[in-house]
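Asker: Next comes protein35.cif, mmCIF, N, CA and C atoms:
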```cif
data_my_file
loop_
_atom_site.label_atom_id
_atom_site.label_comp_id
_atom_site.auth_asym_id
_atom_site.auth_seq_id
_atom_site.Cartn_x
_atom_site.Cartn_y
_atom_site.Cartn_z
N MET A 1 0.84 -1.19 0.00
CA MET A 1 0.00 0.00 0.00
C MET A 1 0.88 1.25 0.00
N SER A 2 0.40 2.27 -0.63
CA SER A 2 1.11 3.53 -0.67
C SER A 2 0.25 4.60 0.00
N PHE A 3 0.84 5.33 0.93
CA PHE A 3 0.12 6.40 1.62
C PHE A 3 0.25 7.66 0.75
N ASN A 4 -0.73 7.85 -0.14
CA ASN A 4 -0.62 8.95 -1.08
C ASN A 4 -1.94 9.72 -1.27
N ARG A 5 -2.84 9.59 -0.27
CA ARG A 5 -4.09 10.33 -0.33
C ARG A 5 -4.58 10.60 1.09
N ALA A 6 -5.47 11.55 1.21
CA ALA A 6 -6.00 11.93 2.52
C ALA A 6 -6.74 10.78 3.16
N LEU A 7 -6.59 10.67 4.45
CA LEU A 7 -7.38 9.73 5.25
C LEU A 7 -8.33 10.57 6.09
N VAL A 8 -9.60 10.25 6.03
CA VAL A 8 -10.60 11.02 6.76
C VAL A 8 -11.34 10.08 7.70
N SER A 9 -11.41 10.46 8.97
CA SER A 9 -12.13 9.67 9.97
C SER A 9 -13.34 10.48 10.41
N PHE A 10 -14.50 10.09 9.93
CA PHE A 10 -15.73 10.76 10.32
C PHE A 10 -16.20 10.18 11.65
N SER A 11 -17.14 10.85 12.29
CA SER A 11 -17.59 10.42 13.62
C SER A 11 -18.13 9.00 13.64
N ASP A 12 -18.59 8.50 12.49
CA ASP A 12 -19.13 7.14 12.48
C ASP A 12 -18.16 6.11 11.89
N SER A 13 -16.90 6.52 11.63
CA SER A 13 -15.98 5.59 10.98
C SER A 13 -14.82 5.08 11.82
N PRO A 14 -14.51 5.64 12.99
CA PRO A 14 -13.36 5.09 13.72
C PRO A 14 -13.58 3.65 14.15
N GLN A 15 -12.48 2.97 14.38
CA GLN A 15 -12.53 1.60 14.87
C GLN A 15 -12.56 1.63 16.39
N ASN A 16 -13.40 0.81 16.99
CA ASN A 16 -13.49 0.77 18.45
C ASN A 16 -12.36 -0.04 19.04
N GLY A 17 -11.72 0.53 20.03
CA GLY A 17 -10.65 -0.14 20.73
C GLY A 17 -10.85 -0.05 22.23
N ARG A 18 -9.90 -0.62 22.98
CA ARG A 18 -9.96 -0.58 24.44
C ARG A 18 -8.54 -0.43 24.97
N ALA A 19 -8.36 0.49 25.90
CA ALA A 19 -7.06 0.69 26.55
C ALA A 19 -6.84 -0.40 27.59
N PRO A 20 -5.59 -0.66 27.95
CA PRO A 20 -5.32 -1.67 28.98
C PRO A 20 -6.03 -1.39 30.30
N HIS A 21 -6.26 -0.11 30.63
CA HIS A 21 -6.96 0.24 31.87
C HIS A 21 -8.48 0.22 31.70
N GLY A 22 -8.96 -0.21 30.51
CA GLY A 22 -10.39 -0.42 30.29
C GLY A 22 -11.12 0.71 29.61
N SER A 23 -10.50 1.85 29.43
CA SER A 23 -11.17 2.99 28.79
C SER A 23 -11.43 2.73 27.31
N PRO A 24 -12.56 3.24 26.81
CA PRO A 24 -12.82 3.10 25.37
C PRO A 24 -11.88 4.00 24.57
N VAL A 25 -11.50 3.51 23.41
CA VAL A 25 -10.61 4.22 22.51
C VAL A 25 -11.19 4.14 21.10
N LEU A 26 -11.18 5.25 20.40
CA LEU A 26 -11.57 5.27 18.99
C LEU A 26 -10.29 5.44 18.17
N VAL A 27 -9.97 4.47 17.34
CA VAL A 27 -8.78 4.55 16.51
C VAL A 27 -9.19 5.20 15.18
N HIS A 28 -8.55 6.33 14.87
CA HIS A 28 -8.88 7.10 13.68
C HIS A 28 -7.99 6.78 12.49
N VAL A 29 -6.70 6.57 12.73
CA VAL A 29 -5.73 6.30 11.66
C VAL A 29 -4.75 5.26 12.16
N THR A 30 -4.42 4.29 11.31
CA THR A 30 -3.49 3.24 11.70
C THR A 30 -2.22 3.27 10.86
N ALA A 31 -1.18 2.66 11.40
CA ALA A 31 0.07 2.52 10.67
C ALA A 31 -0.15 1.78 9.35
N ALA A 32 -1.07 0.82 9.36
CA ALA A 32 -1.36 0.06 8.14
C ALA A 32 -1.90 0.97 7.04
N GLN A 33 -2.59 2.03 7.41
CA GLN A 33 -3.14 2.97 6.43
C GLN A 33 -2.12 3.99 5.95
N THR A 34 -1.04 4.19 6.71
CA THR A 34 -0.09 5.28 6.43
C THR A 34 1.32 4.79 6.14
N ASP A 35 1.44 3.55 5.72
CA ASP A 35 2.77 2.95 5.49
C ASP A 35 3.66 3.08 6.72
N GLY A 36 3.06 2.98 7.89
CA GLY A 36 3.81 3.00 9.14
C GLY A 36 4.14 4.37 9.68
N THR A 37 3.73 5.42 9.00
CA THR A 37 4.12 6.78 9.37
C THR A 37 3.54 7.25 10.71
N ILE A 38 2.24 6.97 10.94
CA ILE A 38 1.56 7.58 12.09
C ILE A 38 0.37 6.73 12.52
N GLY A 39 -0.02 6.85 13.77
CA GLY A 39 -1.24 6.27 14.30
C GLY A 39 -1.94 7.34 15.12
N ILE A 40 -3.27 7.41 15.04
CA ILE A 40 -4.03 8.44 15.76
C ILE A 40 -5.25 7.80 16.40
N TRP A 41 -5.51 8.18 17.64
CA TRP A 41 -6.69 7.67 18.36
C TRP A 41 -7.21 8.72 19.32
N GLU A 42 -8.36 8.40 19.91
CA GLU A 42 -9.00 9.28 20.88
C GLU A 42 -9.33 8.44 22.12
N ASN A 43 -8.89 8.91 23.29
CA ASN A 43 -9.14 8.23 24.56
C ASN A 43 -10.32 8.90 25.27
N PHE A 44 -11.16 8.10 25.91
CA PHE A 44 -12.23 8.58 26.77
C PHE A 44 -11.96 7.97 28.14
N VAL A 45 -11.49 8.79 29.08
CA VAL A 45 -10.89 8.27 30.31
C VAL A 45 -11.70 8.68 31.54
N ALA A 46 -12.16 7.69 32.30
CA ALA A 46 -12.90 7.93 33.53
C ALA A 46 -11.99 8.58 34.58
N PRO A 47 -12.57 9.30 35.53
CA PRO A 47 -11.77 9.88 36.59
C PRO A 47 -10.93 8.82 37.30
N GLY A 48 -9.69 9.16 37.59
CA GLY A 48 -8.79 8.26 38.30
C GLY A 48 -8.16 7.19 37.43
N LYS A 49 -8.48 7.15 36.16
CA LYS A 49 -7.96 6.11 35.26
C LYS A 49 -6.83 6.64 34.39
N GLY A 50 -6.02 5.70 33.95
CA GLY A 50 -4.91 5.98 33.04
C GLY A 50 -4.03 4.75 32.97
N PRO A 51 -3.06 4.75 32.07
CA PRO A 51 -2.20 3.58 31.93
C PRO A 51 -1.21 3.45 33.08
N THR A 52 -0.72 2.23 33.27
CA THR A 52 0.37 2.04 34.23
C THR A 52 1.63 2.64 33.64
N PRO A 53 2.63 2.93 34.47
CA PRO A 53 3.90 3.43 33.92
C PRO A 53 4.43 2.44 32.87
N HIS A 54 4.87 3.00 31.74
CA HIS A 54 5.33 2.16 30.64
C HIS A 54 6.35 2.90 29.78
N THR A 55 7.01 2.16 28.94
CA THR A 55 8.02 2.71 28.04
C THR A 55 7.74 2.22 26.62
N HIS A 56 7.76 3.13 25.68
CA HIS A 56 7.68 2.79 24.26
C HIS A 56 9.10 2.73 23.72
N THR A 57 9.43 1.68 23.02
CA THR A 57 10.79 1.55 22.48
C THR A 57 10.87 1.98 21.03
N ARG A 58 9.73 2.28 20.41
CA ARG A 58 9.74 2.57 18.97
C ARG A 58 9.25 3.97 18.60
N GLU A 59 8.36 4.54 19.37
CA GLU A 59 7.69 5.74 18.87
C GLU A 59 7.69 6.89 19.85
N THR A 60 7.55 8.08 19.29
CA THR A 60 7.25 9.30 20.04
C THR A 60 5.74 9.36 20.14
N GLU A 61 5.25 9.79 21.30
CA GLU A 61 3.82 9.83 21.55
C GLU A 61 3.41 11.27 21.86
N VAL A 62 2.32 11.72 21.26
CA VAL A 62 1.82 13.08 21.47
C VAL A 62 0.37 13.00 21.93
N PHE A 63 0.03 13.78 22.95
CA PHE A 63 -1.35 13.86 23.42
C PHE A 63 -1.81 15.31 23.40
N ARG A 64 -3.07 15.50 23.01
CA ARG A 64 -3.72 16.81 23.13
C ARG A 64 -4.97 16.60 23.97
N VAL A 65 -5.02 17.29 25.10
CA VAL A 65 -6.18 17.20 25.98
C VAL A 65 -7.33 17.97 25.34
N ILE A 66 -8.45 17.29 25.17
CA ILE A 66 -9.65 17.91 24.59
C ILE A 66 -10.62 18.31 25.68
N GLU A 67 -10.81 17.44 26.66
CA GLU A 67 -11.70 17.71 27.80
C GLU A 67 -11.09 17.13 29.05
N GLY A 68 -11.27 17.80 30.18
CA GLY A 68 -10.80 17.28 31.45
C GLY A 68 -9.42 17.80 31.83
N THR A 69 -8.91 17.24 32.92
CA THR A 69 -7.58 17.61 33.43
C THR A 69 -6.81 16.33 33.70
N PHE A 70 -5.59 16.29 33.24
CA PHE A 70 -4.74 15.11 33.37
C PHE A 70 -3.43 15.48 34.05
N ARG A 71 -2.88 14.52 34.78
CA ARG A 71 -1.51 14.63 35.30
C ARG A 71 -0.67 13.68 34.47
N PHE A 72 0.47 14.17 34.02
CA PHE A 72 1.41 13.40 33.21
C PHE A 72 2.70 13.23 33.98
N TRP A 73 3.33 12.08 33.82
CA TRP A 73 4.66 11.82 34.34
C TRP A 73 5.53 11.39 33.17
N CYS A 74 6.73 11.94 33.10
CA CYS A 74 7.68 11.57 32.07
C CYS A 74 9.06 11.62 32.69
N GLY A 75 9.67 10.44 32.89
CA GLY A 75 10.95 10.41 33.60
C GLY A 75 10.77 10.97 34.99
N GLU A 76 11.57 11.96 35.35
CA GLU A 76 11.50 12.59 36.68
C GLU A 76 10.50 13.75 36.74
N ASP A 77 9.92 14.13 35.63
CA ASP A 77 9.02 15.28 35.57
C ASP A 77 7.57 14.87 35.73
N SER A 78 6.77 15.76 36.33
CA SER A 78 5.33 15.59 36.35
C SER A 78 4.68 16.95 36.21
N PHE A 79 3.51 16.98 35.59
CA PHE A 79 2.83 18.23 35.34
C PHE A 79 1.37 17.94 35.05
N GLU A 80 0.53 18.98 35.22
CA GLU A 80 -0.90 18.86 34.96
C GLU A 80 -1.27 19.69 33.75
N GLY A 81 -2.31 19.26 33.05
CA GLY A 81 -2.78 20.03 31.90
C GLY A 81 -4.25 19.80 31.64
N GLY A 82 -4.94 20.87 31.28
CA GLY A 82 -6.34 20.79 30.92
C GLY A 82 -6.52 20.95 29.42
N ALA A 83 -7.75 21.24 29.02
CA ALA A 83 -8.09 21.36 27.60
C ALA A 83 -7.12 22.29 26.89
N GLY A 84 -6.62 21.82 25.75
CA GLY A 84 -5.67 22.58 24.95
C GLY A 84 -4.22 22.23 25.18
N THR A 85 -3.94 21.53 26.29
CA THR A 85 -2.57 21.14 26.59
C THR A 85 -2.10 20.08 25.59
N VAL A 86 -0.87 20.24 25.09
CA VAL A 86 -0.26 19.26 24.20
C VAL A 86 1.02 18.76 24.88
N VAL A 87 1.14 17.45 24.98
CA VAL A 87 2.29 16.82 25.64
C VAL A 87 2.95 15.88 24.64
N THR A 88 4.25 16.02 24.46
CA THR A 88 5.02 15.14 23.58
C THR A 88 5.96 14.31 24.44
N LEU A 89 5.85 12.99 24.34
CA LEU A 89 6.61 12.06 25.16
C LEU A 89 7.62 11.31 24.29
N PRO A 90 8.89 11.32 24.68
CA PRO A 90 9.92 10.67 23.88
C PRO A 90 9.91 9.15 24.05
N PRO A 91 10.46 8.44 23.07
CA PRO A 91 10.60 6.99 23.24
C PRO A 91 11.66 6.69 24.30
N ASN A 92 11.59 5.50 24.85
CA ASN A 92 12.60 5.00 25.80
C ASN A 92 12.67 5.78 27.10
N VAL A 93 11.59 6.48 27.47
CA VAL A 93 11.51 7.18 28.75
C VAL A 93 10.22 6.74 29.43
N LEU A 94 10.33 6.28 30.67
CA LEU A 94 9.17 5.83 31.43
C LEU A 94 8.16 6.98 31.57
N HIS A 95 6.90 6.71 31.28
CA HIS A 95 5.86 7.74 31.38
C HIS A 95 4.50 7.10 31.65
N HIS A 96 3.58 7.93 32.07
CA HIS A 96 2.17 7.56 32.19
C HIS A 96 1.36 8.81 32.48
N TRP A 97 0.06 8.67 32.56
CA TRP A 97 -0.83 9.78 32.84
C TRP A 97 -2.09 9.26 33.49
N VAL A 98 -2.84 10.18 34.13
CA VAL A 98 -4.10 9.81 34.78
C VAL A 98 -5.06 11.00 34.71
N ASN A 99 -6.33 10.70 34.58
CA ASN A 99 -7.37 11.72 34.60
C ASN A 99 -7.57 12.12 36.06
N ILE A 100 -7.21 13.36 36.40
CA ILE A 100 -7.34 13.82 37.79
C ILE A 100 -8.61 14.65 37.99
N GLY A 101 -9.43 14.75 36.96
CA GLY A 101 -10.68 15.50 37.06
C GLY A 101 -11.80 14.65 37.65
N GLU A 102 -12.97 15.26 37.74
CA GLU A 102 -14.13 14.57 38.30
C GLU A 102 -15.09 14.07 37.24
N THR A 103 -14.78 14.31 35.97
CA THR A 103 -15.62 13.85 34.86
C THR A 103 -14.75 13.09 33.86
N THR A 104 -15.39 12.41 32.93
CA THR A 104 -14.65 11.70 31.90
C THR A 104 -13.81 12.70 31.11
N GLY A 105 -12.54 12.39 30.94
CA GLY A 105 -11.64 13.22 30.16
C GLY A 105 -11.48 12.65 28.76
N ARG A 106 -11.01 13.49 27.86
CA ARG A 106 -10.85 13.06 26.47
C ARG A 106 -9.54 13.62 25.93
N MET A 107 -8.77 12.74 25.29
CA MET A 107 -7.50 13.15 24.69
C MET A 107 -7.34 12.53 23.31
N MET A 108 -6.70 13.25 22.43
CA MET A 108 -6.28 12.73 21.13
C MET A 108 -4.85 12.24 21.32
N GLY A 109 -4.57 11.04 20.85
CA GLY A 109 -3.22 10.49 20.93
C GLY A 109 -2.67 10.24 19.54
N ILE A 110 -1.38 10.51 19.37
CA ILE A 110 -0.70 10.31 18.09
C ILE A 110 0.63 9.64 18.37
N VAL A 111 0.99 8.64 17.56
CA VAL A 111 2.31 8.04 17.64
C VAL A 111 2.99 8.11 16.28
N SER A 112 4.30 8.34 16.34
CA SER A 112 5.11 8.32 15.12
C SER A 112 6.44 7.66 15.44
N PRO A 113 6.82 6.62 14.71
CA PRO A 113 6.02 5.98 13.68
C PRO A 113 4.79 5.33 14.29
N GLY A 114 3.86 5.00 13.43
CA GLY A 114 2.63 4.36 13.87
C GLY A 114 2.85 2.91 14.26
N GLY A 115 1.86 2.33 14.88
CA GLY A 115 1.89 0.92 15.25
C GLY A 115 1.35 0.67 16.64
N ALA A 116 1.67 1.55 17.59
CA ALA A 116 1.21 1.34 18.96
C ALA A 116 -0.30 1.38 19.08
N GLU A 117 -0.98 2.04 18.14
CA GLU A 117 -2.45 2.09 18.17
C GLU A 117 -3.07 0.70 18.02
N ARG A 118 -2.30 -0.25 17.50
CA ARG A 118 -2.80 -1.63 17.38
C ARG A 118 -3.13 -2.23 18.75
N LEU A 119 -2.45 -1.76 19.79
CA LEU A 119 -2.72 -2.24 21.15
C LEU A 119 -4.22 -2.17 21.45
N PHE A 120 -4.83 -1.04 21.16
CA PHE A 120 -6.25 -0.83 21.48
C PHE A 120 -7.17 -1.75 20.68
N LEU A 121 -6.83 -1.94 19.42
CA LEU A 121 -7.65 -2.81 18.57
C LEU A 121 -7.51 -4.27 18.96
N GLU A 122 -6.28 -4.68 19.27
CA GLU A 122 -6.06 -6.07 19.66
C GLU A 122 -6.70 -6.38 21.01
N LEU A 123 -6.65 -5.44 21.95
CA LEU A 123 -7.29 -5.68 23.25
C LEU A 123 -8.81 -5.71 23.13
N ALA A 124 -9.36 -4.91 22.23
CA ALA A 124 -10.82 -4.92 22.04
C ALA A 124 -11.29 -6.24 21.44
N ALA A 125 -10.41 -6.93 20.74
CA ALA A 125 -10.77 -8.21 20.14
C ALA A 125 -10.78 -9.36 21.15
N ILE A 126 -10.23 -9.11 22.35
CA ILE A 126 -10.19 -10.12 23.42
C ILE A 126 -11.34 -9.79 24.38
N VAL A 127 -12.23 -10.73 24.62
CA VAL A 127 -13.43 -10.47 25.41
C VAL A 127 -13.08 -9.94 26.80
N ASN A 128 -12.28 -10.61 27.55
CA ASN A 128 -11.86 -10.17 28.88
C ASN A 128 -10.34 -10.31 28.98
N PRO A 129 -9.59 -9.33 28.49
CA PRO A 129 -8.14 -9.49 28.49
C PRO A 129 -7.57 -9.59 29.91
N THR A 130 -6.72 -10.56 30.09
CA THR A 130 -6.03 -10.75 31.37
C THR A 130 -4.75 -9.91 31.37
N PRO A 131 -4.15 -9.72 32.53
CA PRO A 131 -2.85 -9.03 32.55
C PRO A 131 -1.83 -9.71 31.64
N GLU A 132 -1.90 -11.03 31.53
CA GLU A 132 -0.98 -11.75 30.64
C GLU A 132 -1.27 -11.42 29.18
N ASP A 133 -2.54 -11.32 28.81
CA ASP A 133 -2.90 -10.93 27.44
C ASP A 133 -2.36 -9.54 27.13
N ILE A 134 -2.58 -8.61 28.05
CA ILE A 134 -2.12 -7.23 27.87
C ILE A 134 -0.60 -7.20 27.71
N ALA A 135 0.12 -7.90 28.57
CA ALA A 135 1.58 -7.92 28.50
C ALA A 135 2.06 -8.51 27.18
N ARG A 136 1.39 -9.56 26.71
CA ARG A 136 1.78 -10.18 25.44
C ARG A 136 1.63 -9.21 24.27
N VAL A 137 0.49 -8.51 24.22
CA VAL A 137 0.25 -7.57 23.13
C VAL A 137 1.23 -6.40 23.24
N GLU A 138 1.41 -5.86 24.44
CA GLU A 138 2.36 -4.77 24.61
C GLU A 138 3.76 -5.17 24.17
N GLN A 139 4.20 -6.33 24.60
CA GLN A 139 5.54 -6.80 24.24
C GLN A 139 5.70 -6.90 22.72
N SER A 140 4.68 -7.38 22.04
CA SER A 140 4.75 -7.51 20.58
C SER A 140 4.88 -6.15 19.89
N LEU A 141 4.49 -5.10 20.58
CA LEU A 141 4.54 -3.74 20.02
C LEU A 141 5.70 -2.91 20.58
N GLY A 142 6.59 -3.54 21.34
CA GLY A 142 7.74 -2.83 21.88
C GLY A 142 7.40 -1.92 23.04
N ILE A 143 6.33 -2.26 23.76
CA ILE A 143 5.91 -1.48 24.94
C ILE A 143 6.18 -2.33 26.18
N THR A 144 6.80 -1.72 27.17
CA THR A 144 7.11 -2.42 28.41
C THR A 144 6.43 -1.71 29.56
N SER A 145 5.51 -2.40 30.25
CA SER A 145 4.88 -1.82 31.46
C SER A 145 5.75 -2.12 32.66
N HIS A 146 5.72 -1.21 33.62
CA HIS A 146 6.56 -1.36 34.82
C HIS A 146 5.71 -1.43 36.07
#
```
Using structure tokens, write down the structure that the file contains.
Answerer:
Amino acid sequence: MSFNRALVSFSDSPQNGRAPHGSPVLVHVTAAQTDGTIGIWENFVAPGKGPTPHTHTRETEVFRVIEGTFRFWCGEDSFEGGAGTVVTLPPNVLHHWVNIGETTGRMMGIVSPGGAERLFLELAAIVNPTPEDIARVEQSLGITSH
């Protein structure tokens, strides 16, 4: 496949996924669609939820907070951000985030190169993923949870 035309994700076209912490995820663009260039998704995160600390070995990750307030950790740094905040996380650095608000938060996530978005699609295909299932899928994508 050649990535040589616009990809458009309308409100009724994203693929449904699931984050390891159980939050729903809408996958808008996949590495398979972009010759590996990028992956894009949208997280809907309940209060107090977020991923466990983890490291990506392949991609840079970017988040834009759309609704709510989140706390981010990256290496030794931590910071909070509300709507409009954009956070870029480097590969090979331990990081995570959590919704610290009182309502469901929403973030757009982007990875480059793409591929990590497959995590959400693969977990959604498993009826009740166990911690072992999650670890297996993460490992296959170069993600290490701590």
Asker: Contacts of segment 73-83 of chain A at 6 Å or less, counting all atoms listed in the file, minus same-chain residues fewer than 3 places along, as a ChimeraX atom specification?
Answerer: /A:65-70,93-97
Asker: Write the residues you've just listed into a file as an mmCIF file, keeping the file's coordinate frame, and include N, CA and C atoms for each of them.
Answerer:
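Final output, selection_22.cif:
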```
data_model
loop_
_atom_site.group_PDB
_atom_site.id
_atom_site.type_symbol
_atom_site.label_atom_id
_atom_site.label_comp_id
_atom_site.auth_asym_id
_atom_site.auth_seq_id
_atom_site.Cartn_x
_atom_site.Cartn_y
_atom_site.Cartn_z
ATOM 1 N N VAL A 65 -5.020 17.290 25.100
ATOM 2 C CA VAL A 65 -6.180 17.200 25.980
ATOM 3 C C VAL A 65 -7.330 17.970 25.340
ATOM 4 N N ILE A 66 -8.450 17.290 25.170
ATOM 5 C CA ILE A 66 -9.650 17.910 24.590
ATOM 6 C C ILE A 66 -10.620 18.310 25.680
ATOM 7 N N GLU A 67 -10.810 17.440 26.660
ATOM 8 C CA GLU A 67 -11.700 17.710 27.800
ATOM 9 C C GLU A 67 -11.090 17.130 29.050
ATOM 10 N N GLY A 68 -11.270 17.800 30.180
ATOM 11 C CA GLY A 68 -10.800 17.280 31.450
ATOM 12 C C GLY A 68 -9.420 17.800 31.830
ATOM 13 N N THR A 69 -8.910 17.240 32.920
ATOM 14 C CA THR A 69 -7.580 17.610 33.430
ATOM 15 C C THR A 69 -6.810 16.330 33.700
ATOM 16 N N PHE A 70 -5.590 16.290 33.240
ATOM 17 C CA PHE A 70 -4.740 15.110 33.370
ATOM 18 C C PHE A 70 -3.430 15.480 34.050
ATOM 19 N N VAL A 93 11.590 6.480 27.470
ATOM 20 C CA VAL A 93 11.510 7.180 28.750
ATOM 21 C C VAL A 93 10.220 6.740 29.430
ATOM 22 N N LEU A 94 10.330 6.280 30.670
ATOM 23 C CA LEU A 94 9.170 5.830 31.430
ATOM 24 C C LEU A 94 8.160 6.980 31.570
ATOM 25 N N HIS A 95 6.900 6.710 31.280
ATOM 26 C CA HIS A 95 5.860 7.740 31.380
ATOM 27 C C HIS A 95 4.500 7.100 31.650
ATOM 28 N N HIS A 96 3.580 7.930 32.070
ATOM 29 C CA HIS A 96 2.170 7.560 32.190
ATOM 30 C C HIS A 96 1.360 8.810 32.480
ATOM 31 N N TRP A 97 0.060 8.670 32.560
ATOM 32 C CA TRP A 97 -0.830 9.780 32.840
ATOM 33 C C TRP A 97 -2.090 9.260 33.490
#
```
Asker: Kindly indicate which residue among A:Ala32, A:Ala46, A:Ala116, A:Val127 lies nearest to Ile100 of chain A, using only N, CA and C atoms for the distances.
Answerer: A:Ala46
Asker: Would you translate the PyMOL selection byres (((chain A and resi 57 and name CA) around 6) and name CA) into the concrete set of residues it matches in this file, as a JSON list (two decimals) with N, CA and C atoms, in the coordinates of the input?
Answerer:
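Result saved to part-v1.json:
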```
[["chain", "number", "residue", "atom", "x", "y", "z"],
["A", 56, "HIS", "N", 7.76, 3.13, 25.68],
["A", 56, "HIS", "CA", 7.68, 2.79, 24.26],
["A", 56, "HIS", "C", 9.10, 2.73, 23.72],
["A", 58, "ARG", "N", 9.73, 2.28, 20.41],
["A", 58, "ARG", "CA", 9.74, 2.57, 18.97],
["A", 58, "ARG", "C", 9.25, 3.97, 18.60],
["A", 91, "PRO", "N", 10.46, 8.44, 23.07],
["A", 91, "PRO", "CA", 10.60, 6.99, 23.24],
["A", 91, "PRO", "C", 11.66, 6.69, 24.30],
["A", 92, "ASN", "N", 11.59, 5.50, 24.85],
["A", 92, "ASN", "CA", 12.60, 5.00, 25.80],
["A", 92, "ASN", "C", 12.67, 5.78, 27.10],
["A", 142, "GLY", "N", 6.59, -3.54, 21.34],
["A", 142, "GLY", "CA", 7.74, -2.83, 21.88],
["A", 142, "GLY", "C", 7.40, -1.92, 23.04]]
```
Asker: Determine the residue set returned by the PyMOL selection byres (((chain A and resi 104 and name CA) around 8) and name CA) for the present structure, and present it as number ranges by chain.
Answerer: A: 44-47, 67-68, 99, 101-103, 105-106
Asker: Taking the file above as input, evaluate the PyMOL selection byres ((chain A and resi 39) around 7) and report the hits as a list in words.
Answerer: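 Applied to this file, the PyMOL selection byres ((chain A and resi 39) around 7) returns His28, Val29, Thr30, Ala31, Gly36, Thr37, Ile38, Ile40, Trp41, Gly109, Ile110, Val111, Ser112, Pro113, Gly114, Gly115, Ala116 and Glu117 of chain A.
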Asker: Which of these, A:His146, A:Leu121, A:Thr34, A:Thr85, has the shortest distance to Arg64 of chain A once you count only C-alpha atoms?
Answerer: A:Thr85
Asker: Can you work out which one of A:Met108, A:Ala135, A:Val98, A:Thr144 has the shortest atom-to-atom distance to Gly48 of chain A, counting all atoms listed in the file?
Answerer: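 Between A:Met108, A:Ala135, A:Val98, A:Thr144, the residue approaching Gly48 of chain A most closely is A:Val98.
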Asker: As a PyMOL selection string, please: the residues near Leu119 of chain A (cut-off 7 Å, all atoms listed in the file, same-chain neighbours under 5 positions excluded).
Answerer: chain A and resi 17-20+124+137-138
Asker: How would you write, as an MDAnalysis selection string, the set of residues in chain A that DSSP gives as strand (DSSP E)?
Answerer: chainID A and resid 15:18 24:29 39:45 54:56 60:67 70:74 77:81 86:89 95:99 105:112 143:145
Asker: Select, from A:Val86, A:Glu42, A:Met107, A:Pro131, the residue with the minimum atom-to-atom distance to Asn16 of chain A, counting only C-alpha atoms.
Answerer: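 Among A:Val86, A:Glu42, A:Met107, A:Pro131, it is A:Glu42 that comes nearest to Asn16 of chain A.
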Asker: What does the structure give for the distance between atom C of Phe63 of chain A and atom N of Pro90 of chain A, in Å to one decimal?
Answerer: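 It comes out at 11.5 Å.
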Asker: Can you measure atom CA of Thr130 of chain A to atom C of Val62 of chain A for me? One decimal in Å is fine.
Answerer: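 Between atom CA of Thr130 of chain A and atom C of Val62 of chain A the gap works out to 26.3 Å.
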